[in-house]
Structure formats: C-alpha cells, structure tokens
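*Asks:* Contents are JSON, C-alpha atoms and all ligand atoms; file name my_file-v6.json:
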```
[["chain", "number", "residue", "atom", "x", "y", "z"],
["A", 21, "MET", "CA", 86.64, 113.50, 78.41],
["A", 22, "ILE", "CA", 85.19, 110.01, 79.07],
["A", 23, "GLU", "CA", 87.92, 108.43, 76.89],
["A", 24, "LEU", "CA", 90.55, 110.35, 78.85],
["A", 25, "LEU", "CA", 89.03, 109.09, 82.13],
["A", 26, "ARG", "CA", 88.85, 105.52, 80.81],
["A", 27, "ASN", "CA", 92.57, 105.53, 80.08],
["A", 28, "ARG", "CA", 93.81, 107.60, 83.03],
["A", 29, "ARG", "CA", 96.06, 105.88, 85.58],
["A", 30, "SER", "CA", 98.53, 107.19, 88.15],
["A", 31, "ILE", "CA", 102.01, 107.19, 86.61],
["A", 32, "ARG", "CA", 105.04, 107.17, 88.91],
["A", 33, "LYS", "CA", 107.89, 106.57, 86.43],
["A", 34, "TYR", "CA", 108.95, 109.37, 84.12],
["A", 35, "LYS", "CA", 111.46, 109.94, 81.34],
["A", 36, "GLU", "CA", 114.29, 112.40, 82.02],
["A", 37, "GLU", "CA", 113.06, 114.80, 79.31],
["A", 38, "LYS", "CA", 112.01, 118.32, 80.31],
["A", 39, "LEU", "CA", 108.62, 119.71, 79.31],
["A", 40, "PRO", "CA", 108.37, 122.49, 76.71],
["A", 41, "GLN", "CA", 107.57, 125.90, 78.25],
["A", 42, "GLU", "CA", 104.27, 125.93, 76.31],
["A", 43, "THR", "CA", 103.17, 122.75, 78.09],
["A", 44, "VAL", "CA", 104.00, 124.19, 81.52],
["A", 45, "ASP", "CA", 102.13, 127.39, 80.58],
["A", 46, "THR", "CA", 99.06, 125.39, 79.51],
["A", 47, "ILE", "CA", 98.97, 123.50, 82.82],
["A", 48, "VAL", "CA", 99.32, 126.77, 84.76],
["A", 49, "GLU", "CA", 96.50, 128.33, 82.73],
["A", 50, "ALA", "CA", 94.30, 125.31, 83.51],
["A", 51, "LEU", "CA", 95.12, 125.62, 87.24],
["A", 52, "LEU", "CA", 94.08, 129.27, 87.25],
["A", 53, "ARG", "CA", 90.81, 128.40, 85.47],
["A", 54, "SER", "CA", 89.83, 125.99, 88.28],
["A", 55, "PRO", "CA", 86.43, 126.70, 89.80],
["A", 56, "SER", "CA", 86.36, 127.58, 93.49],
["A", 57, "SER", "CA", 83.63, 128.26, 96.02],
["A", 58, "ARG", "CA", 82.31, 131.81, 95.61],
["A", 59, "GLY", "CA", 85.20, 132.43, 93.18],
["A", 60, "ILE", "CA", 87.50, 133.22, 96.10],
["A", 61, "ASN", "CA", 90.41, 131.23, 94.60],
["A", 62, "PRO", "CA", 92.14, 130.58, 97.95],
["A", 63, "TRP", "CA", 94.91, 128.60, 96.25],
["A", 64, "GLU", "CA", 98.52, 129.44, 95.34],
["A", 65, "PHE", "CA", 100.82, 127.22, 93.28],
["A", 66, "VAL", "CA", 104.56, 126.64, 93.25],
["A", 67, "VAL", "CA", 105.67, 125.30, 89.86],
["A", 68, "VAL", "CA", 108.92, 123.41, 90.36],
["A", 69, "GLU", "CA", 111.20, 122.24, 87.53],
["A", 70, "ASP", "CA", 114.51, 122.57, 89.40],
["A", 71, "ARG", "CA", 115.86, 119.02, 89.80],
["A", 72, "GLU", "CA", 117.49, 119.69, 93.18],
["A", 73, "VAL", "CA", 114.27, 121.13, 94.60],
["A", 74, "LEU", "CA", 112.25, 118.22, 93.16],
["A", 75, "LYS", "CA", 114.67, 115.83, 94.89],
["A", 76, "LYS", "CA", 114.17, 117.59, 98.24],
["A", 77, "LEU", "CA", 110.38, 117.60, 97.80],
["A", 78, "SER", "CA", 110.47, 113.88, 96.90],
["A", 79, "MET", "CA", 111.58, 113.28, 100.51],
["A", 80, "SER", "CA", 108.51, 115.02, 101.94],
["A", 81, "LYS", "CA", 107.11, 111.69, 103.15],
["A", 82, "GLU", "CA", 108.61, 108.32, 103.94],
["A", 83, "HIS", "CA", 106.24, 106.61, 101.48],
["A", 84, "GLY", "CA", 104.45, 107.74, 98.36],
["A", 85, "SER", "CA", 106.52, 110.74, 97.28],
["A", 86, "SER", "CA", 109.94, 109.42, 96.19],
["A", 87, "PHE", "CA", 109.03, 109.24, 92.48],
["A", 88, "LEU", "CA", 108.81, 113.05, 92.36],
["A", 89, "SER", "CA", 112.62, 113.12, 92.02],
["A", 90, "GLY", "CA", 112.23, 111.73, 88.48],
["A", 91, "ALA", "CA", 109.37, 113.99, 87.39],
["A", 92, "ALA", "CA", 109.84, 116.90, 84.98],
["A", 93, "LEU", "CA", 107.47, 119.05, 86.99],
["A", 94, "GLY", "CA", 106.01, 119.21, 90.49],
["A", 95, "ILE", "CA", 103.15, 121.54, 91.25],
["A", 96, "VAL", "CA", 102.84, 122.31, 94.94],
["A", 97, "VAL", "CA", 99.19, 123.14, 95.58],
["A", 98, "CYS", "CA", 98.76, 125.46, 98.55],
["A", 99, "GLY", "CA", 95.66, 126.97, 100.10],
["A", 100, "ASP", "CA", 94.87, 129.87, 102.40],
["A", 101, "SER", "CA", 92.43, 128.61, 105.04],
["A", 102, "THR", "CA", 91.87, 132.19, 106.26],
["A", 103, "LYS", "CA", 90.35, 133.12, 102.90],
["A", 104, "SER", "CA", 87.82, 130.32, 102.51],
["A", 105, "ASP", "CA", 86.44, 127.40, 104.51],
["A", 106, "THR", "CA", 86.39, 125.36, 101.29],
["A", 107, "TRP", "CA", 90.12, 125.70, 100.63],
["A", 108, "ILE", "CA", 90.56, 121.91, 100.75],
["A", 109, "GLU", "CA", 87.87, 121.33, 98.15],
["A", 110, "ASP", "CA", 89.20, 124.20, 96.01],
["A", 111, "CYS", "CA", 92.78, 122.90, 96.19],
["A", 112, "SER", "CA", 91.60, 119.36, 95.39],
["A", 113, "ILE", "CA", 89.73, 120.57, 92.33],
["A", 114, "ALA", "CA", 92.81, 122.50, 91.13],
["A", 115, "SER", "CA", 94.94, 119.38, 91.72],
["A", 116, "ILE", "CA", 92.72, 117.12, 89.62],
["A", 117, "ILE", "CA", 92.44, 119.79, 86.92],
["A", 118, "ALA", "CA", 96.24, 119.89, 86.70],
["A", 119, "GLN", "CA", 96.24, 116.09, 86.45],
["A", 120, "LEU", "CA", 93.54, 115.85, 83.78],
["A", 121, "THR", "CA", 95.14, 118.65, 81.74],
["A", 122, "ALA", "CA", 98.48, 116.81, 81.90],
["A", 123, "VAL", "CA", 96.79, 113.57, 80.79],
["A", 124, "SER", "CA", 95.07, 115.41, 77.93],
["A", 125, "LEU", "CA", 98.54, 116.52, 76.79],
["A", 126, "GLY", "CA", 99.73, 112.88, 76.75],
["A", 127, "LEU", "CA", 101.70, 113.16, 80.01],
["A", 128, "GLY", "CA", 101.86, 110.94, 83.08],
["A", 129, "THR", "CA", 100.91, 112.29, 86.48],
["A", 130, "CYS", "CA", 100.37, 111.28, 90.11],
["A", 131, "TRP", "CA", 98.91, 113.05, 93.15],
["A", 132, "ILE", "CA", 101.13, 113.20, 96.24],
["A", 133, "GLN", "CA", 99.07, 113.80, 99.37],
["A", 134, "ILE", "CA", 100.66, 116.32, 101.76],
["A", 135, "ARG", "CA", 97.87, 117.61, 104.01],
["A", 136, "ASN", "CA", 97.71, 115.52, 107.23],
["A", 137, "ARG", "CA", 100.80, 113.51, 106.27],
["A", 138, "LYS", "CA", 104.03, 113.19, 108.28],
["A", 139, "HIS", "CA", 107.66, 113.71, 107.25],
["A", 140, "LYS", "CA", 110.05, 111.03, 108.46],
["A", 141, "ASP", "CA", 111.41, 113.11, 111.38],
["A", 142, "GLY", "CA", 107.91, 113.32, 112.91],
["A", 143, "ARG", "CA", 107.25, 116.85, 111.66],
["A", 144, "TRP", "CA", 104.32, 117.41, 109.31],
["A", 145, "ALA", "CA", 105.28, 116.99, 105.63],
["A", 146, "GLU", "CA", 103.79, 120.44, 105.14],
["A", 147, "GLU", "CA", 106.31, 122.01, 107.57],
["A", 148, "TYR", "CA", 109.22, 120.36, 105.74],
["A", 149, "ILE", "CA", 107.93, 121.67, 102.38],
["A", 150, "LYS", "CA", 107.21, 125.17, 103.68],
["A", 151, "GLU", "CA", 110.78, 125.41, 104.93],
["A", 152, "ILE", "CA", 112.27, 124.27, 101.60],
["A", 153, "LEU", "CA", 110.11, 126.65, 99.56],
["A", 154, "GLY", "CA", 110.04, 129.53, 102.04],
["A", 155, "LEU", "CA", 106.24, 129.58, 102.03],
["A", 156, "GLU", "CA", 104.36, 132.12, 104.14],
["A", 157, "LYS", "CA", 102.79, 131.03, 107.43],
["A", 158, "HIS", "CA", 99.18, 131.46, 106.26],
["A", 159, "LEU", "CA", 99.56, 128.87, 103.48],
["A", 160, "SER", "CA", 98.74, 125.18, 103.91],
["A", 161, "VAL", "CA", 99.97, 122.52, 101.50],
["A", 162, "GLU", "CA", 97.33, 120.19, 100.09],
["A", 163, "SER", "CA", 99.22, 118.17, 97.50],
["A", 164, "ILE", "CA", 102.08, 118.00, 95.06],
["A", 165, "ILE", "CA", 101.16, 116.97, 91.53],
["A", 166, "ALA", "CA", 104.01, 115.13, 89.80],
["A", 167, "ILE", "CA", 104.02, 115.40, 86.00],
["A", 168, "GLY", "CA", 106.32, 114.08, 83.27],
["A", 169, "TYR", "CA", 106.63, 112.00, 80.12],
["A", 170, "LYS", "CA", 105.47, 108.47, 80.94],
["A", 171, "ASP", "CA", 108.05, 105.75, 81.41],
["A", 172, "GLU", "CA", 105.61, 103.01, 82.41],
["A", 173, "VAL", "CA", 102.53, 101.53, 80.80],
["A", 174, "LYS", "CA", 99.43, 100.81, 82.85],
["A", 175, "SER", "CA", 96.26, 99.15, 81.62],
["A", 176, "PRO", "CA", 93.01, 101.03, 81.88],
["A", 177, "VAL", "CA", 90.70, 99.88, 84.67],
["A", 178, "PRO", "CA", 88.17, 97.54, 82.98],
["A", 179, "LYS", "CA", 84.56, 98.63, 83.06],
["A", 180, "GLU", "CA", 83.59, 95.32, 84.74],
["A", 181, "SER", "CA", 85.58, 96.21, 87.86],
["A", 182, "LEU", "CA", 83.88, 99.57, 88.42],
["A", 183, "GLU", "CA", 81.94, 99.66, 91.71],
["A", 184, "TYR", "CA", 78.46, 100.16, 90.32],
["A", 185, "LYS", "CA", 77.07, 98.84, 93.63],
["A", 186, "LYS", "CA", 78.01, 102.17, 95.18],
["A", 187, "VAL", "CA", 75.55, 104.01, 92.98],
["A", 188, "ARG", "CA", 71.88, 104.32, 93.93],
["A", 189, "TYR", "CA", 69.34, 105.42, 91.39],
["A", 190, "ILE", "CA", 66.06, 107.12, 92.11],
["A", 191, "LYS", "CA", 64.00, 107.24, 88.96],
["B", 201, "LIG", "C1", 93.61, 112.38, 97.40],
["B", 201, "LIG", "C2", 94.64, 111.47, 96.77],
["B", 201, "LIG", "C3", 95.84, 111.28, 97.40],
["B", 201, "LIG", "C4", 96.82, 110.46, 96.83],
["B", 201, "LIG", "N1", 98.04, 110.37, 97.42],
["B", 201, "LIG", "C5", 99.01, 109.65, 96.82],
["B", 201, "LIG", "C6", 100.32, 109.66, 97.36],
["B", 201, "LIG", "O1", 100.63, 110.33, 98.35],
["B", 201, "LIG", "N2", 101.27, 108.90, 96.72],
["B", 201, "LIG", "C7", 100.97, 108.16, 95.62],
["B", 201, "LIG", "O2", 101.87, 107.48, 95.10],
["B", 201, "LIG", "N3", 99.73, 108.14, 95.07],
["B", 201, "LIG", "C8", 98.76, 108.88, 95.64],
["B", 201, "LIG", "N4", 97.51, 108.93, 95.07],
["B", 201, "LIG", "C9", 97.20, 108.13, 93.87],
["B", 201, "LIG", "C10", 96.30, 106.95, 94.22],
["B", 201, "LIG", "O3", 97.06, 105.99, 94.93],
["B", 201, "LIG", "C11", 95.70, 106.36, 92.94],
["B", 201, "LIG", "O4", 94.92, 107.35, 92.31],
["B", 201, "LIG", "C12", 94.83, 105.15, 93.24],
["B", 201, "LIG", "O5", 95.60, 104.09, 93.77],
["B", 201, "LIG", "C13", 94.09, 104.64, 92.00],
["B", 201, "LIG", "O6", 95.02, 104.34, 90.97],
["B", 201, "LIG", "P1", 94.89, 105.05, 89.53],
["B", 201, "LIG", "O7", 95.04, 106.52, 89.73],
["B", 201, "LIG", "O8", 96.01, 104.45, 88.70],
["B", 201, "LIG", "O9", 93.53, 104.71, 88.96],
["B", 201, "LIG", "C14", 96.54, 109.76, 95.61],
["B", 201, "LIG", "C15", 95.30, 109.97, 94.98],
["B", 201, "LIG", "C16", 94.38, 110.82, 95.54],
["B", 201, "LIG", "C17", 93.07, 111.07, 94.79]]
```
Show how you would write the structure in this file as structure tokens.
*Replies:*
Amino acid sequence: MIELLRNRRSIRKYKEEKLPQETVDTIVEALLRSPSSRGINPWEFVVVEDREVLKKLSMSKEHGSSFLSGAALGIVVCGDSTKSDTWIEDCSIASIIAQLTAVSLGLGTCWIQIRNRKHKDGRWAEEYIKEILGLEKHLSVESIIAIGYKDEVKSPVPKESLEYKKVRYIK
C-alpha cells in the first residue's frame, strides 16, 4: 500500500482503450466493500462507459472535468443525505477506494469534485448531472471518478516535499 501511495498521482490523460469487464467488476466490488458510518452505506454509484454520456458529464463544470471525455470509465458517486448524516464522508471514502483500486490495477485516475460546484449556466453541477442520468431527487452527487489507461507520466511526489510540519507528535 505505501508503495502504491508513493507512486500515486492524479492522471488526466487516458488512452482510448476500453477496460476489460473484469476490471470494471473489480472496481465495483471494491466500491461496495467501502466502510461507512454504522454500515448504513448511503451511497449509490453510476458506472458510465458510454462515450456520449462521458462527454456530457465532462461538461459538468467549466474547469476541472473536461478530461472525463477521454476516460474509459466514470463512476458517479452519489449519496442519500436522508439515510445518514455522514453521507459526505462515506461517499468520499468510496471515491478514494475506487481510485486506489484503479491505481492498484495499473490504471490512471482523477477525482472530479461535484458537490458544491457550479455548471457553466449557473446551475449546480449536480443538477446538470442528475438531469443527464435521470437520478432520483433524494440523491446528491459527491464526485465523479475518472479512470482509464494512463497516457501521461507523472513523477512521484518526493519525500522531501511532504509537509511533515503539519504533524504533531505526543510521545
Ligand atoms: C476532494 C478532491 C477534489 C478534487 N477535485 C478535482 C477536480 O474537480 N478536478 C481535477 O482535475 N482534480 C481534482 N482533484 C485532484 C487534485 O487536484 C489532486 O489530487 C491534487 O492536485 C494533488 O495532485 P496528485 O493527486 O497528483 O498528488 C481533486 C482531489 C480531491 C481529493
């Protein structure tokens, strides 16, 4: 795990290649194994491979989502705030689990923030996405996790640049 974390970077350029079904299934299994407060599992996921839908979702925000159009997979992470007051934490955990599972499979991935973000017409990005996907009213959209075969190389963050000053020790 620590080696995976040492090498992990956000990847925003992907090859055209589709993912094998087995890979998609593994990521979905990982999502569903995510821990959640009191085991309520207030999340729901939309697993998108359709290129036209990915293109539409890539326009969710003016900045920071366009690369989704080139991804093999987008996982829309939704939460039901009526089920649990920790839906944001639970959805965030599921999002990072999807990312780390993708990295462990040799794939590139990047988080696209949706909650509290605006679409270009002034609507919330969430409203735009809910309309495209026909999501029920009670669902909120936390993130979209873009996944695909890497088409860019990024250096690991060197250990020397880690912000150790933000850690306090009580021994
Ligand atoms: C909560 C969260 C929201 C993020 N939102 C976006 C986003 O909307 N668009 C994007 O391109 N990257 C997004 N990122 C990726 C960060 O920009 C990236 O993790 C950060 O710059 C550090 O780079 P690294 O992941 O390569 O170490 C997000 C990451 C997190 C954890």
*Asks:* Around ligand LIG 201 (chain B), out to 9 Å and counting only C-alpha atoms and all ligand atoms, which residues are there? I want them as a PyMOL selection string.
*Replies:* chain A and resi 27-32+81+83-87+112+116+129-134+137+163-164+174-177
*Asks:* Name all residues at most 12 Å from A:Ile117 (count all atoms listed in the file; drop same-chain ones fewer than 2 positions away) and give them as a count of residues only.
*Replies:* 28
*Asks:* Using Å and a single decimal, report how far atom CA of A:Glu151 sits from atom CA of A:Arg71.
*Replies:*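 Distance reported for this atom pair: 17.2 Å.
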*Asks:* What lies within 7 Å of stretch 62-68 of chain A using only C-alpha atoms, ignoring chain neighbours under 5 positions off, as a ChimeraX atom specification?
*Replies:* /A:74,93-100,103-104,107,111
*Asks:* Between atom CA of A:Glu69 and atom CA of A:Gly128, what is the distance in Å, rounded to a tenth?
*Replies:*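 That distance, rounded to one decimal, is 15.3 Å.
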*Asks:* Give the answer as one residue: which of A:Glu37, A:Glu146, A:Glu23, A:Asp105 has the shortest atom-to-atom distance to A:Leu77, using only C-alpha atoms?
*Replies:* A:Glu146
